[in-house]
Amino acid sequence: MRGKKGRLIVLFFFLSPFLLMLASLSIGRYHIPPLDLGKTLVRTVSPASFPEVPPEYRDILLRIRLPRLLLALLAGAALSVSGASLQALFKNPLVNEYILGISFGAAFGAALSLVFLGKGFPPQIAAFLFALAAVLAVLVVSGRSGSHTVSLLLTGVIVSAFFQALLALVEFFANPYALQSLFFWLMGSLSLATWSDLSVSLPVMGLGTAALVLMRWRLNVLSLSEEEAAALGVNVRKEKLLIIVLTSLSTAAVTAVAGVIGWIGLIVPHLVRMMVGADNRKVVPLSAALGASVLIVADDITRVAASFEIPIGILTSLIGIPFFIFLLGRSRKVWL
Amino acid sequence: MTIDVRALTFGYGEFRLSVPGLRFESRKVVSIVGRNGAGKSTLLKLLGGILPAPKRSVLLDGRALSELKSAERARLISYVSQELAPALNYRVIDFVLMGRASFVPTFSVPSREDRRLAEEAIRFVGLDGFEDREFSQLSSGERRLALVARTLAQSPQVFLLDEPTTFLDPKHEVEVMELCRKLAAEKGKTVIVTLHNLEMAVKYSDEMVFLKKGEVAASGPPDRVLSEALLAEVYDIPMAIVPFDGRMLILR
């Protein structure tokens with residue numbers, strides 16, 4: 001991945017989410033010809049121009065598709081970068097925010113907030129607190145080593161199950177009206193994105209992801225044994241906690257608005273590693289780019305594949321779980 | 001850099017390590033020997049700050065080790081553990097570059113200068129041409145050398161190597177020990193290793209420390225302290241010291 005060819009591939013990686021986003025603006029139940037995208041934009045700025053463009057284009061683009069695609073872009077990047085970071089930190093190829101209980105901790109927190117504090121209170125706060133509580137519980141229960149594959153995965157499953165039970169309890173107490181929206185949100189959907197939800201979530205995802213991208217080389221060092229990283233001069237406790245907080249922050253911000261979108265954080269970093277090797281200086285930023293592209297495409301599929309919308313969380317799980325099983329059995333080249 | 005150990009005690013479970021006083025000086029290779037469980041690795045970890053030593057029991061040029069911050073400590077002392085198993089299959093250059101961690105800010109990446117130092121370290125251990133090779137393609141001897149290169153890139157004053165020659169064939173074993181000598185002699189570093197191979201220890205070290213059940217049985221230059229009585233006491237089996245061609249062979 002070096003030299004001129006490598007540079008071109010990297011450029012392609014980073015441009016593709018934006019090109020896909022542009023293309024996706026015209027895709028949907030209501031087709032908008034690509035040329036009219038530009039015309040609508042001009043018309044928004046100066047209302048007198050292009051009178052032939054239907055006025056509803058503007059509403060569809062600005063109020064429905066743009067927020068949704070921005071969410072897909074940032075959520076895809078945030079989940080993939082979180083996954084890549086957690087895999088390096090725990091020295092474990094099978095770890096992601098879903099396995100570590102972060103996703104369901106966040107989902108429980110957000111649901112609790114939505115049902116008992118109402119829509120006016122930002123659900124991101126409770127989502128973050130419970131995401132953090134879940135992952136810390138996993139760490140405490142699985143023992144101080146924290147990197148032992150089996151005990152970590154097992155504890156993650158148990159803690160996730162616990163938070164799913166709590167979530168069911170919240171659903172049980174929710175009124176039927178709240179329950180219905182809770183139901184669709186939980187399965188994972190980008191369709192509920194409104195600008196007011198996004199005004200909290202997007203900056204948080206952006207912040208968490210950007211900080212993790214800046215720590216990309218540090219993740220190489222943290223992927224060594226804790227003893228080695230300490231001997232190399234890293235304050236392991238502090239930086240481990242920092243990464244856990246950052247991943248919980250971005251995952252909570254995604255979950256609070258889009259529900260549980262599982263498995264993206266597992267598949268994407270692995271695909272990137274297969275292409276560029278183990279170095280997190282490349283893996284983390286390229287995971288952001290590929291994750292954004294993958295989630296935009298996945299969202300396009302949910303919008304056009306059937307006459308009704310398939311929840312994106314179900315789609316990513318349907319693709320992700322077979323991939324997880326496939327990884328369980330092979331791929332020893334990148335992971336020693 | 002001189003390391004002074006004073007009234008160092010450390011215990012976990014049944015085990016107790018106690019060192020009333022020891023001194024490690026620069027330009028010298030010191031080997032710590034003794035049976036399994038005698039406390040060699042524990043002593044090394046205490047010297048490296050990997051395990052917490054009591055306050056002011058380990059002094060670096062008079063400064064207490066416990067008062068140093070992690071990054072500051074890593075620029076002075078490097079510690080290399082016995083086990084070597086990175087979870088990810090890094091390239092040699094990326095692996096050696098990690099030695100620069102204490103010089104690179106948390107939210108940053110290594111500079112050109114860091115890379116140059118890493119390449120220099122790779123040349124010093126004789127792994128030139130292996131920069132782009134992945135870890136999985138290295139033999140265990142080459143992995144060991146990569147590890148030494150990473151330690152060199154850290155550019156510390158003190159090198160603590162825990163059994164650096166285990167699993168190595170005789171050629172690599174000699175190479176690693178020659179490297180230790182080179183570090184002490186050419187670069188003026190303080191080198192402390194734990195070893196099981198007594199002949200290697202005698203041949204390559206300026207001083208030896210014999211540990212038995214957490215206590216120092218003897219310490220000093222090999223030709224002064226080494227005796228059959230001491231070996232029998234430390235290792236609990238009779239051994240014979242046979243002079244041969246200006247060297248000492250140890251037979252068991």
# chains A, B, ... in the order shown; residues from 1 in each chain; ligands from 1
>>> residues_around(residues="Gly262 of chain A", least_positions_apart="4", cutoff="8 Å", atoms="only C-alpha atoms", output="list in words")
Tyr98, Ser103, Gly313, Thr316, Ser317 and Gly320 of chain A
>>> closest_atom_pairs(of="chain B", to="chain A", cutoff="8 Å", atoms="only C-alpha atoms", output="CSV")
residue,atom,partner,partner_atom,distance
B:Gly48,CA,A:Ala231,CA,7.4
B:Gly49,CA,A:Ala231,CA,7.9
B:Ile50,CA,A:Ala231,CA,6.7
B:Ser70,CA,A:Gly233,CA,4.7
B:Ala71,CA,A:Gly233,CA,4.1
B:Glu72,CA,A:Gly233,CA,7.2
B:Arg73,CA,A:Gly233,CA,6.7
B:Ala74,CA,A:Gly233,CA,4.6
B:Arg75,CA,A:Gly233,CA,7.5
B:Ser78,CA,A:Ala231,CA,6.2
B:Tyr79,CA,A:Ala231,CA,5.7
B:Val80,CA,A:Glu228,CA,7.3
B:Ser81,CA,A:Glu228,CA,7.4
B:Ala85,CA,A:Leu336,CA,7.6
B:Pro86,CA,A:Leu224,CA,5.4
B:Ala87,CA,A:Leu336,CA,5.3
B:Leu88,CA,A:Trp335,CA,4.5
B:Asn89,CA,A:Val334,CA,4.9
B:Tyr90,CA,A:Ala278,CA,5.5
B:Arg91,CA,A:Asp279,CA,7.9
B:Asp94,CA,A:Asp279,CA,7.1
B:Met98,CA,A:Val221,CA,5.9
B:Gly99,CA,A:Leu232,CA,6.2
B:Arg100,CA,A:Leu232,CA,7.6
B:Ala101,CA,A:Leu232,CA,6.0
B:Ser102,CA,A:Gly233,CA,4.9
B:Thr106,CA,A:Arg218,CA,6.2
B:Phe107,CA,A:Met215,CA,4.8
B:Ser108,CA,A:Leu214,CA,6.0
B:Val109,CA,A:Trp217,CA,5.5
B:Pro110,CA,A:Trp217,CA,7.8
B:Ser136,CA,A:Leu336,CA,6.9
B:Gln154,CA,A:Leu232,CA,7.4
>>> residues_around(residues="segment 17-27 of chain A", least_positions_apart="2", cutoff="9 Å", atoms="only C-alpha atoms", output="PDB file with N, CA and C atoms, in the first residue's frame")
ATOM      1  N   PHE A  13     -10.575   5.319  -1.275  1.00  0.00           N
ATOM      2  CA  PHE A  13     -11.224   4.963  -0.019  1.00  0.00           C
ATOM      3  C   PHE A  13     -11.898   6.174   0.622  1.00  0.00           C
ATOM      4  N   PHE A  14     -11.150   7.294   0.646  1.00  0.00           N
ATOM      5  CA  PHE A  14     -11.674   8.450   1.362  1.00  0.00           C
ATOM      6  C   PHE A  14     -12.696   9.242   0.562  1.00  0.00           C
ATOM      7  N   LEU A  15     -12.641   9.122  -0.770  1.00  0.00           N
ATOM      8  CA  LEU A  15     -13.633   9.829  -1.579  1.00  0.00           C
ATOM      9  C   LEU A  15     -14.942   9.065  -1.654  1.00  0.00           C
ATOM     10  N   ARG A  29     -37.699   5.745  -2.513  1.00  0.00           N
ATOM     11  CA  ARG A  29     -39.073   5.571  -3.002  1.00  0.00           C
ATOM     12  C   ARG A  29     -39.383   6.647  -4.048  1.00  0.00           C
ATOM     13  N   TYR A  30     -38.942   7.813  -3.723  1.00  0.00           N
ATOM     14  CA  TYR A  30     -39.240   8.967  -4.560  1.00  0.00           C
ATOM     15  C   TYR A  30     -37.956   9.312  -5.302  1.00  0.00           C
ATOM     16  N   HIS A  31     -37.858   8.916  -6.547  1.00  0.00           N
ATOM     17  CA  HIS A  31     -36.607   9.116  -7.274  1.00  0.00           C
ATOM     18  C   HIS A  31     -36.413  10.588  -7.638  1.00  0.00           C
ATOM     19  N   ILE A  32     -35.230  11.089  -7.374  1.00  0.00           N
ATOM     20  CA  ILE A  32     -34.888  12.455  -7.778  1.00  0.00           C
ATOM     21  C   ILE A  32     -33.727  12.363  -8.768  1.00  0.00           C
ATOM     22  N   PRO A  33     -33.901  12.768 -10.016  1.00  0.00           N
ATOM     23  CA  PRO A  33     -32.811  12.661 -10.996  1.00  0.00           C
ATOM     24  C   PRO A  33     -31.562  13.400 -10.508  1.00  0.00           C
ATOM     25  N   PRO A  34     -30.394  12.805 -10.714  1.00  0.00           N
ATOM     26  CA  PRO A  34     -29.147  13.397 -10.218  1.00  0.00           C
ATOM     27  C   PRO A  34     -28.984  14.865 -10.581  1.00  0.00           C
ATOM     28  N   ASP A  36     -31.195  17.108 -10.984  1.00  0.00           N
ATOM     29  CA  ASP A  36     -32.084  17.962 -10.196  1.00  0.00           C
ATOM     30  C   ASP A  36     -31.550  18.230  -8.797  1.00  0.00           C
ATOM     31  N   LEU A  37     -30.580  17.388  -8.350  1.00  0.00           N
ATOM     32  CA  LEU A  37     -29.979  17.634  -7.030  1.00  0.00           C
ATOM     33  C   LEU A  37     -29.339  19.015  -7.006  1.00  0.00           C
ATOM     34  N   LEU A  61     -35.005  16.254   0.236  1.00  0.00           N
ATOM     35  CA  LEU A  61     -33.552  16.241   0.332  1.00  0.00           C
ATOM     36  C   LEU A  61     -33.054  16.778   1.668  1.00  0.00           C
ATOM     37  N   ARG A  65     -33.529  13.075   3.480  1.00  0.00           N
ATOM     38  CA  ARG A  65     -32.366  12.293   3.011  1.00  0.00           C
ATOM     39  C   ARG A  65     -31.022  12.791   3.541  1.00  0.00           C
ATOM     40  N   LEU A  66     -30.854  14.110   3.568  1.00  0.00           N
ATOM     41  CA  LEU A  66     -29.543  14.612   4.005  1.00  0.00           C
ATOM     42  C   LEU A  66     -29.222  14.218   5.461  1.00  0.00           C
ATOM     43  N   LEU A  69     -28.466  10.494   5.562  1.00  0.00           N
ATOM     44  CA  LEU A  69     -27.180  10.099   4.980  1.00  0.00           C
ATOM     45  C   LEU A  69     -25.995  10.570   5.819  1.00  0.00           C
ATOM     46  N   LEU A  70     -26.136  11.760   6.400  1.00  0.00           N
ATOM     47  CA  LEU A  70     -25.076  12.230   7.305  1.00  0.00           C
ATOM     48  C   LEU A  70     -24.926  11.277   8.479  1.00  0.00           C
ATOM     49  N   ALA A  72     -25.751   8.063   8.453  1.00  0.00           N
ATOM     50  CA  ALA A  72     -25.139   6.823   7.952  1.00  0.00           C
ATOM     51  C   ALA A  72     -23.630   7.001   7.851  1.00  0.00           C
ATOM     52  N   LEU A  73     -23.213   8.137   7.301  1.00  0.00           N
ATOM     53  CA  LEU A  73     -21.790   8.418   7.109  1.00  0.00           C
ATOM     54  C   LEU A  73     -21.035   8.373   8.437  1.00  0.00           C
ATOM     55  N   ALA A 289     -13.387   5.270   6.744  1.00  0.00           N
ATOM     56  CA  ALA A 289     -13.856   5.499   5.375  1.00  0.00           C
ATOM     57  C   ALA A 289     -14.713   4.342   4.879  1.00  0.00           C
ATOM     58  N   LEU A 290     -14.218   3.106   5.076  1.00  0.00           N
ATOM     59  CA  LEU A 290     -14.963   1.948   4.581  1.00  0.00           C
ATOM     60  C   LEU A 290     -16.275   1.783   5.358  1.00  0.00           C
ATOM     61  N   GLY A 291     -16.233   2.004   6.679  1.00  0.00           N
ATOM     62  CA  GLY A 291     -17.437   1.879   7.498  1.00  0.00           C
ATOM     63  C   GLY A 291     -18.529   2.837   7.041  1.00  0.00           C
ATOM     64  N   ALA A 292     -18.114   4.076   6.724  1.00  0.00           N
ATOM     65  CA  ALA A 292     -19.077   5.063   6.237  1.00  0.00           C
ATOM     66  C   ALA A 292     -19.696   4.584   4.928  1.00  0.00           C
ATOM     67  N   SER A 293     -18.853   4.103   4.009  1.00  0.00           N
ATOM     68  CA  SER A 293     -19.371   3.623   2.718  1.00  0.00           C
ATOM     69  C   SER A 293     -20.323   2.446   2.904  1.00  0.00           C
ATOM     70  N   VAL A 294     -19.913   1.497   3.744  1.00  0.00           N
ATOM     71  CA  VAL A 294     -20.721   0.292   3.936  1.00  0.00           C
ATOM     72  C   VAL A 294     -22.097   0.647   4.503  1.00  0.00           C
ATOM     73  N   ILE A 296     -23.702   3.491   4.296  1.00  0.00           N
ATOM     74  CA  ILE A 296     -24.499   4.216   3.298  1.00  0.00           C
ATOM     75  C   ILE A 296     -25.115   3.227   2.308  1.00  0.00           C
ATOM     76  N   VAL A 297     -24.319   2.269   1.837  1.00  0.00           N
ATOM     77  CA  VAL A 297     -24.842   1.270   0.896  1.00  0.00           C
ATOM     78  C   VAL A 297     -25.904   0.412   1.573  1.00  0.00           C
ATOM     79  N   ASP A 300     -29.022   2.285   1.707  1.00  0.00           N
ATOM     80  CA  ASP A 300     -29.656   2.323   0.385  1.00  0.00           C
ATOM     81  C   ASP A 300     -30.431   1.036   0.132  1.00  0.00           C
ATOM     82  N   ARG A 303     -33.652   0.868   1.872  1.00  0.00           N
ATOM     83  CA  ARG A 303     -34.663   1.795   1.346  1.00  0.00           C
ATOM     84  C   ARG A 303     -35.294   1.318   0.056  1.00  0.00           C
ATOM     85  N   VAL A 304     -34.500   0.594  -0.782  1.00  0.00           N
ATOM     86  CA  VAL A 304     -35.028   0.250  -2.093  1.00  0.00           C
ATOM     87  C   VAL A 304     -35.334  -1.234  -2.288  1.00  0.00           C
TER      88      VAL A 304
END
>>> select_by_dssp(residues="segment 21-217 of chain B", states="strand (DSSP E)", output="PDB file with N, CA and C atoms, in the first residue's frame")
ATOM      1  N   GLY B  21      21.219  -4.849  49.440  1.00  0.00           N
ATOM      2  CA  GLY B  21      21.935  -3.821  48.685  1.00  0.00           C
ATOM      3  C   GLY B  21      22.604  -4.401  47.460  1.00  0.00           C
ATOM      4  N   LEU B  22      22.480  -3.701  46.325  1.00  0.00           N
ATOM      5  CA  LEU B  22      23.152  -4.113  45.087  1.00  0.00           C
ATOM      6  C   LEU B  22      23.423  -2.853  44.288  1.00  0.00           C
ATOM      7  N   ARG B  23      24.477  -2.911  43.432  1.00  0.00           N
ATOM      8  CA  ARG B  23      24.778  -1.747  42.627  1.00  0.00           C
ATOM      9  C   ARG B  23      25.052  -2.213  41.204  1.00  0.00           C
ATOM     10  N   PHE B  24      24.388  -1.575  40.229  1.00  0.00           N
ATOM     11  CA  PHE B  24      24.617  -1.903  38.822  1.00  0.00           C
ATOM     12  C   PHE B  24      25.171  -0.658  38.133  1.00  0.00           C
ATOM     13  N   VAL B  29      27.930  -5.538  31.884  1.00  0.00           N
ATOM     14  CA  VAL B  29      26.844  -6.497  31.720  1.00  0.00           C
ATOM     15  C   VAL B  29      26.771  -7.307  33.014  1.00  0.00           C
ATOM     16  N   VAL B  30      25.598  -7.299  33.630  1.00  0.00           N
ATOM     17  CA  VAL B  30      25.415  -8.062  34.856  1.00  0.00           C
ATOM     18  C   VAL B  30      24.392  -9.148  34.589  1.00  0.00           C
ATOM     19  N   SER B  31      24.702 -10.387  34.964  1.00  0.00           N
ATOM     20  CA  SER B  31      23.678 -11.412  34.792  1.00  0.00           C
ATOM     21  C   SER B  31      23.188 -11.900  36.137  1.00  0.00           C
ATOM     22  N   ILE B  32      21.874 -12.070  36.192  1.00  0.00           N
ATOM     23  CA  ILE B  32      21.244 -12.579  37.405  1.00  0.00           C
ATOM     24  C   ILE B  32      20.923 -14.041  37.150  1.00  0.00           C
ATOM     25  N   VAL B  33      21.439 -14.929  38.002  1.00  0.00           N
ATOM     26  CA  VAL B  33      21.184 -16.347  37.784  1.00  0.00           C
ATOM     27  C   VAL B  33      20.591 -16.970  39.038  1.00  0.00           C
ATOM     28  N   GLY B  34      20.074 -18.173  38.870  1.00  0.00           N
ATOM     29  CA  GLY B  34      19.446 -18.868  39.991  1.00  0.00           C
ATOM     30  C   GLY B  34      18.402 -19.821  39.465  1.00  0.00           C
ATOM     31  N   VAL B  58      14.839   1.662  44.983  1.00  0.00           N
ATOM     32  CA  VAL B  58      15.589   1.601  43.723  1.00  0.00           C
ATOM     33  C   VAL B  58      15.912   3.028  43.297  1.00  0.00           C
ATOM     34  N   LEU B  59      17.207   3.326  43.182  1.00  0.00           N
ATOM     35  CA  LEU B  59      17.626   4.685  42.835  1.00  0.00           C
ATOM     36  C   LEU B  59      18.394   4.687  41.518  1.00  0.00           C
ATOM     37  N   LEU B  60      18.040   5.628  40.653  1.00  0.00           N
ATOM     38  CA  LEU B  60      18.749   5.793  39.385  1.00  0.00           C
ATOM     39  C   LEU B  60      19.592   7.046  39.484  1.00  0.00           C
ATOM     40  N   ARG B  63      18.208   9.229  41.942  1.00  0.00           N
ATOM     41  CA  ARG B  63      16.782   9.586  41.905  1.00  0.00           C
ATOM     42  C   ARG B  63      15.920   8.354  42.128  1.00  0.00           C
ATOM     43  N   ALA B  64      14.861   8.507  42.920  1.00  0.00           N
ATOM     44  CA  ALA B  64      14.002   7.361  43.205  1.00  0.00           C
ATOM     45  C   ALA B  64      13.199   6.977  41.962  1.00  0.00           C
ATOM     46  N   ILE B  77      14.942   3.523  31.289  1.00  0.00           N
ATOM     47  CA  ILE B  77      15.045   2.081  31.495  1.00  0.00           C
ATOM     48  C   ILE B  77      14.163   1.333  30.514  1.00  0.00           C
ATOM     49  N   SER B  78      14.691   0.282  29.902  1.00  0.00           N
ATOM     50  CA  SER B  78      13.824  -0.559  29.093  1.00  0.00           C
ATOM     51  C   SER B  78      13.773  -1.931  29.724  1.00  0.00           C
ATOM     52  N   TYR B  79      12.627  -2.537  29.649  1.00  0.00           N
ATOM     53  CA  TYR B  79      12.455  -3.876  30.199  1.00  0.00           C
ATOM     54  C   TYR B  79      11.884  -4.770  29.106  1.00  0.00           C
ATOM     55  N   VAL B  80      12.495  -5.909  28.881  1.00  0.00           N
ATOM     56  CA  VAL B  80      11.997  -6.842  27.873  1.00  0.00           C
ATOM     57  C   VAL B  80      11.645  -8.156  28.539  1.00  0.00           C
ATOM     58  N   VAL B 158      19.465   2.088  30.558  1.00  0.00           N
ATOM     59  CA  VAL B 158      19.540   0.785  31.217  1.00  0.00           C
ATOM     60  C   VAL B 158      18.734  -0.237  30.425  1.00  0.00           C
ATOM     61  N   PHE B 159      19.313  -1.385  30.170  1.00  0.00           N
ATOM     62  CA  PHE B 159      18.616  -2.470  29.472  1.00  0.00           C
ATOM     63  C   PHE B 159      18.380  -3.620  30.440  1.00  0.00           C
ATOM     64  N   LEU B 160      17.123  -3.974  30.649  1.00  0.00           N
ATOM     65  CA  LEU B 160      16.794  -5.123  31.485  1.00  0.00           C
ATOM     66  C   LEU B 160      16.203  -6.193  30.569  1.00  0.00           C
ATOM     67  N   LEU B 161      16.903  -7.302  30.421  1.00  0.00           N
ATOM     68  CA  LEU B 161      16.438  -8.335  29.505  1.00  0.00           C
ATOM     69  C   LEU B 161      16.183  -9.625  30.275  1.00  0.00           C
ATOM     70  N   ASP B 162      14.928 -10.075  30.251  1.00  0.00           N
ATOM     71  CA  ASP B 162      14.567 -11.283  30.984  1.00  0.00           C
ATOM     72  C   ASP B 162      14.757 -12.499  30.080  1.00  0.00           C
ATOM     73  N   THR B 190      24.014   0.380  30.810  1.00  0.00           N
ATOM     74  CA  THR B 190      23.958  -0.580  31.904  1.00  0.00           C
ATOM     75  C   THR B 190      23.099  -1.737  31.418  1.00  0.00           C
ATOM     76  N   VAL B 191      23.648  -2.945  31.371  1.00  0.00           N
ATOM     77  CA  VAL B 191      22.884  -4.079  30.846  1.00  0.00           C
ATOM     78  C   VAL B 191      22.716  -5.128  31.936  1.00  0.00           C
ATOM     79  N   ILE B 192      21.474  -5.482  32.221  1.00  0.00           N
ATOM     80  CA  ILE B 192      21.204  -6.498  33.230  1.00  0.00           C
ATOM     81  C   ILE B 192      20.344  -7.591  32.596  1.00  0.00           C
ATOM     82  N   VAL B 193      20.839  -8.830  32.638  1.00  0.00           N
ATOM     83  CA  VAL B 193      20.086  -9.923  32.038  1.00  0.00           C
ATOM     84  C   VAL B 193      19.863 -11.032  33.062  1.00  0.00           C
ATOM     85  N   THR B 194      18.784 -11.785  32.883  1.00  0.00           N
ATOM     86  CA  THR B 194      18.646 -13.019  33.652  1.00  0.00           C
ATOM     87  C   THR B 194      18.986 -14.152  32.704  1.00  0.00           C
ATOM     88  N   GLU B 207      29.705  -8.922  35.877  1.00  0.00           N
ATOM     89  CA  GLU B 207      29.348  -9.295  37.240  1.00  0.00           C
ATOM     90  C   GLU B 207      28.188 -10.262  37.218  1.00  0.00           C
ATOM     91  N   MET B 208      28.070 -11.060  38.252  1.00  0.00           N
ATOM     92  CA  MET B 208      26.945 -11.986  38.368  1.00  0.00           C
ATOM     93  C   MET B 208      26.268 -11.817  39.719  1.00  0.00           C
ATOM     94  N   VAL B 209      24.949 -12.033  39.709  1.00  0.00           N
ATOM     95  CA  VAL B 209      24.203 -12.018  40.966  1.00  0.00           C
ATOM     96  C   VAL B 209      23.537 -13.377  41.090  1.00  0.00           C
ATOM     97  N   PHE B 210      23.836 -14.098  42.161  1.00  0.00           N
ATOM     98  CA  PHE B 210      23.222 -15.409  42.383  1.00  0.00           C
ATOM     99  C   PHE B 210      22.053 -15.268  43.336  1.00  0.00           C
ATOM    100  N   LEU B 211      20.878 -15.672  42.897  1.00  0.00           N
ATOM    101  CA  LEU B 211      19.698 -15.583  43.757  1.00  0.00           C
ATOM    102  C   LEU B 211      19.294 -16.968  44.212  1.00  0.00           C
ATOM    103  N   LYS B 212      18.910 -17.056  45.481  1.00  0.00           N
ATOM    104  CA  LYS B 212      18.335 -18.309  45.971  1.00  0.00           C
ATOM    105  C   LYS B 212      17.145 -18.000  46.868  1.00  0.00           C
ATOM    106  N   GLU B 215      16.725 -14.480  47.933  1.00  0.00           N
ATOM    107  CA  GLU B 215      17.828 -13.788  48.598  1.00  0.00           C
ATOM    108  C   GLU B 215      19.089 -13.850  47.751  1.00  0.00           C
ATOM    109  N   VAL B 216      19.941 -12.855  47.916  1.00  0.00           N
ATOM    110  CA  VAL B 216      21.188 -12.831  47.166  1.00  0.00           C
ATOM    111  C   VAL B 216      22.183 -13.760  47.852  1.00  0.00           C
ATOM    112  N   ALA B 217      22.588 -14.851  47.137  1.00  0.00           N
ATOM    113  CA  ALA B 217      23.549 -15.783  47.724  1.00  0.00           C
ATOM    114  C   ALA B 217      24.967 -15.268  47.552  1.00  0.00           C
TER     115      ALA B 217
END
>>> select_by_dssp(residues="segment 43-174 of chain B", states="alpha helix (DSSP H)", output="PyMOL selection string")
chain B and resi 43-47+70-76+92-97+112-124+140-153+170-174
>>> residues_around(residues="Glu186 of chain B", least_positions_apart="4", cutoff="12 Å", atoms="only C-alpha atoms", output="number ranges by chain")
B: 26-28, 124, 178-182, 190
>>> write_last_selection(atoms="C-alpha atoms", output="PDB file, in the first residue's frame")
ATOM      1  CA  SER B  26      27.137   1.548  33.302  1.00  0.00           C
ATOM      2  CA  ARG B  27      29.499  -0.087  30.792  1.00  0.00           C
ATOM      3  CA  LYS B  28      28.860  -3.400  32.528  1.00  0.00           C
ATOM      4  CA  PHE B 124      22.460  -2.425  14.736  1.00  0.00           C
ATOM      5  CA  GLU B 178      27.514 -10.185  21.819  1.00  0.00           C
ATOM      6  CA  LEU B 179      24.937  -7.465  21.333  1.00  0.00           C
ATOM      7  CA  CYS B 180      24.681  -7.008  25.099  1.00  0.00           C
ATOM      8  CA  ARG B 181      28.458  -6.628  25.299  1.00  0.00           C
ATOM      9  CA  LYS B 182      28.399  -4.157  22.430  1.00  0.00           C
ATOM     10  CA  THR B 190      23.958  -0.580  31.904  1.00  0.00           C
TER      11      THR B 190
END
>>> residues_around(residues="Thr155 of chain A", least_positions_apart="6", cutoff="8 Å", atoms="only C-alpha atoms", output="MDAnalysis selection string")
chainID A and resid 100 138 141:142
>>> residues_around(residues="Val176 of chain B", least_positions_apart="5", cutoff="10 Å", atoms="only C-alpha atoms", output="number ranges by chain")
B: 125, 141, 144-145, 148, 164-165, 168, 170-171, 181-182
>>> write_last_selection(atoms="C-alpha atoms", output="compact mmCIF listing (two decimals), in the first residue's frame")
# COMPACT_ATOMS: atom_id res chain seq x y z
CA VAL B 125 20.98 -5.86 15.47
CA GLY B 141 15.78 -15.86 16.83
CA ARG B 144 14.21 -11.87 19.61
CA LEU B 145 16.50 -9.59 17.61
CA VAL B 148 16.20 -6.04 21.04
CA PRO B 164 16.93 -13.00 26.24
CA THR B 165 18.43 -16.25 24.97
CA LEU B 168 17.51 -19.56 20.64
CA PRO B 170 23.62 -21.44 19.74
CA LYS B 171 24.35 -18.97 16.94
CA ARG B 181 28.46 -6.63 25.30
CA LYS B 182 28.40 -4.16 22.43
>>> residues_around(residues="Phe326 of chain A", least_positions_apart="6", cutoff="12 Å", atoms="only C-alpha atoms", output="compact mmCIF listing (two decimals) with C-alpha atoms, in the first residue's frame")
# COMPACT_ATOMS: atom_id res chain seq x y z
CA LEU A 94 -13.60 -11.07 17.85
CA LEU A 266 -16.47 -6.28 13.48
CA ILE A 267 -16.57 -6.73 9.71
CA HIS A 270 -11.20 -7.04 9.41
CA ILE A 319 -24.50 -10.19 6.97
CA GLY A 320 -22.31 -9.81 10.04
>>> atom_distance(atom1="atom CA of Ala53 of chain B", atom2="atom CA of Asp4 of chain B")
12.5 Å
>>> closest_residue(among="A:Phe324, A:Phe130, A:Phe308, A:Trp263", to="Phe162 of chain A", atoms="only C-alpha atoms")
A:Phe130
>>> atom_distance(atom1="atom CA of Gln137 of chain B", atom2="atom CA of Val92 of chain B")
9.9 Å
>>> decode(residues="segment 233-241 of chain B", atoms="N, CA and C atoms", output="PDB file, in the first residue's frame")
ATOM      1  N   GLU B 233      25.118 -24.810  46.336  1.00  0.00           N
ATOM      2  CA  GLU B 233      24.182 -24.174  47.265  1.00  0.00           C
ATOM      3  C   GLU B 233      23.000 -23.555  46.508  1.00  0.00           C
ATOM      4  N   VAL B 234      23.314 -22.866  45.399  1.00  0.00           N
ATOM      5  CA  VAL B 234      22.262 -22.143  44.663  1.00  0.00           C
ATOM      6  C   VAL B 234      21.366 -23.088  43.874  1.00  0.00           C
ATOM      7  N   TYR B 235      21.977 -24.112  43.258  1.00  0.00           N
ATOM      8  CA  TYR B 235      21.203 -24.962  42.352  1.00  0.00           C
ATOM      9  C   TYR B 235      20.789 -26.304  42.948  1.00  0.00           C
ATOM     10  N   ASP B 236      21.259 -26.603  44.157  1.00  0.00           N
ATOM     11  CA  ASP B 236      20.902 -27.845  44.835  1.00  0.00           C
ATOM     12  C   ASP B 236      21.342 -29.109  44.094  1.00  0.00           C
ATOM     13  N   ILE B 237      22.230 -28.977  43.131  1.00  0.00           N
ATOM     14  CA  ILE B 237      22.822 -30.185  42.554  1.00  0.00           C
ATOM     15  C   ILE B 237      24.332 -29.949  42.438  1.00  0.00           C
ATOM     16  N   PRO B 238      25.110 -31.013  42.530  1.00  0.00           N
ATOM     17  CA  PRO B 238      26.562 -30.816  42.413  1.00  0.00           C
ATOM     18  C   PRO B 238      26.961 -30.451  40.983  1.00  0.00           C
ATOM     19  N   MET B 239      27.846 -29.492  40.834  1.00  0.00           N
ATOM     20  CA  MET B 239      28.369 -29.123  39.522  1.00  0.00           C
ATOM     21  C   MET B 239      29.878 -29.007  39.630  1.00  0.00           C
ATOM     22  N   ALA B 240      30.559 -29.264  38.509  1.00  0.00           N
ATOM     23  CA  ALA B 240      32.022 -29.170  38.497  1.00  0.00           C
ATOM     24  C   ALA B 240      32.449 -28.020  37.599  1.00  0.00           C
ATOM     25  N   ILE B 241      33.427 -27.253  38.059  1.00  0.00           N
ATOM     26  CA  ILE B 241      33.961 -26.165  37.250  1.00  0.00           C
ATOM     27  C   ILE B 241      35.291 -26.627  36.656  1.00  0.00           C
TER      28      ILE B 241
END
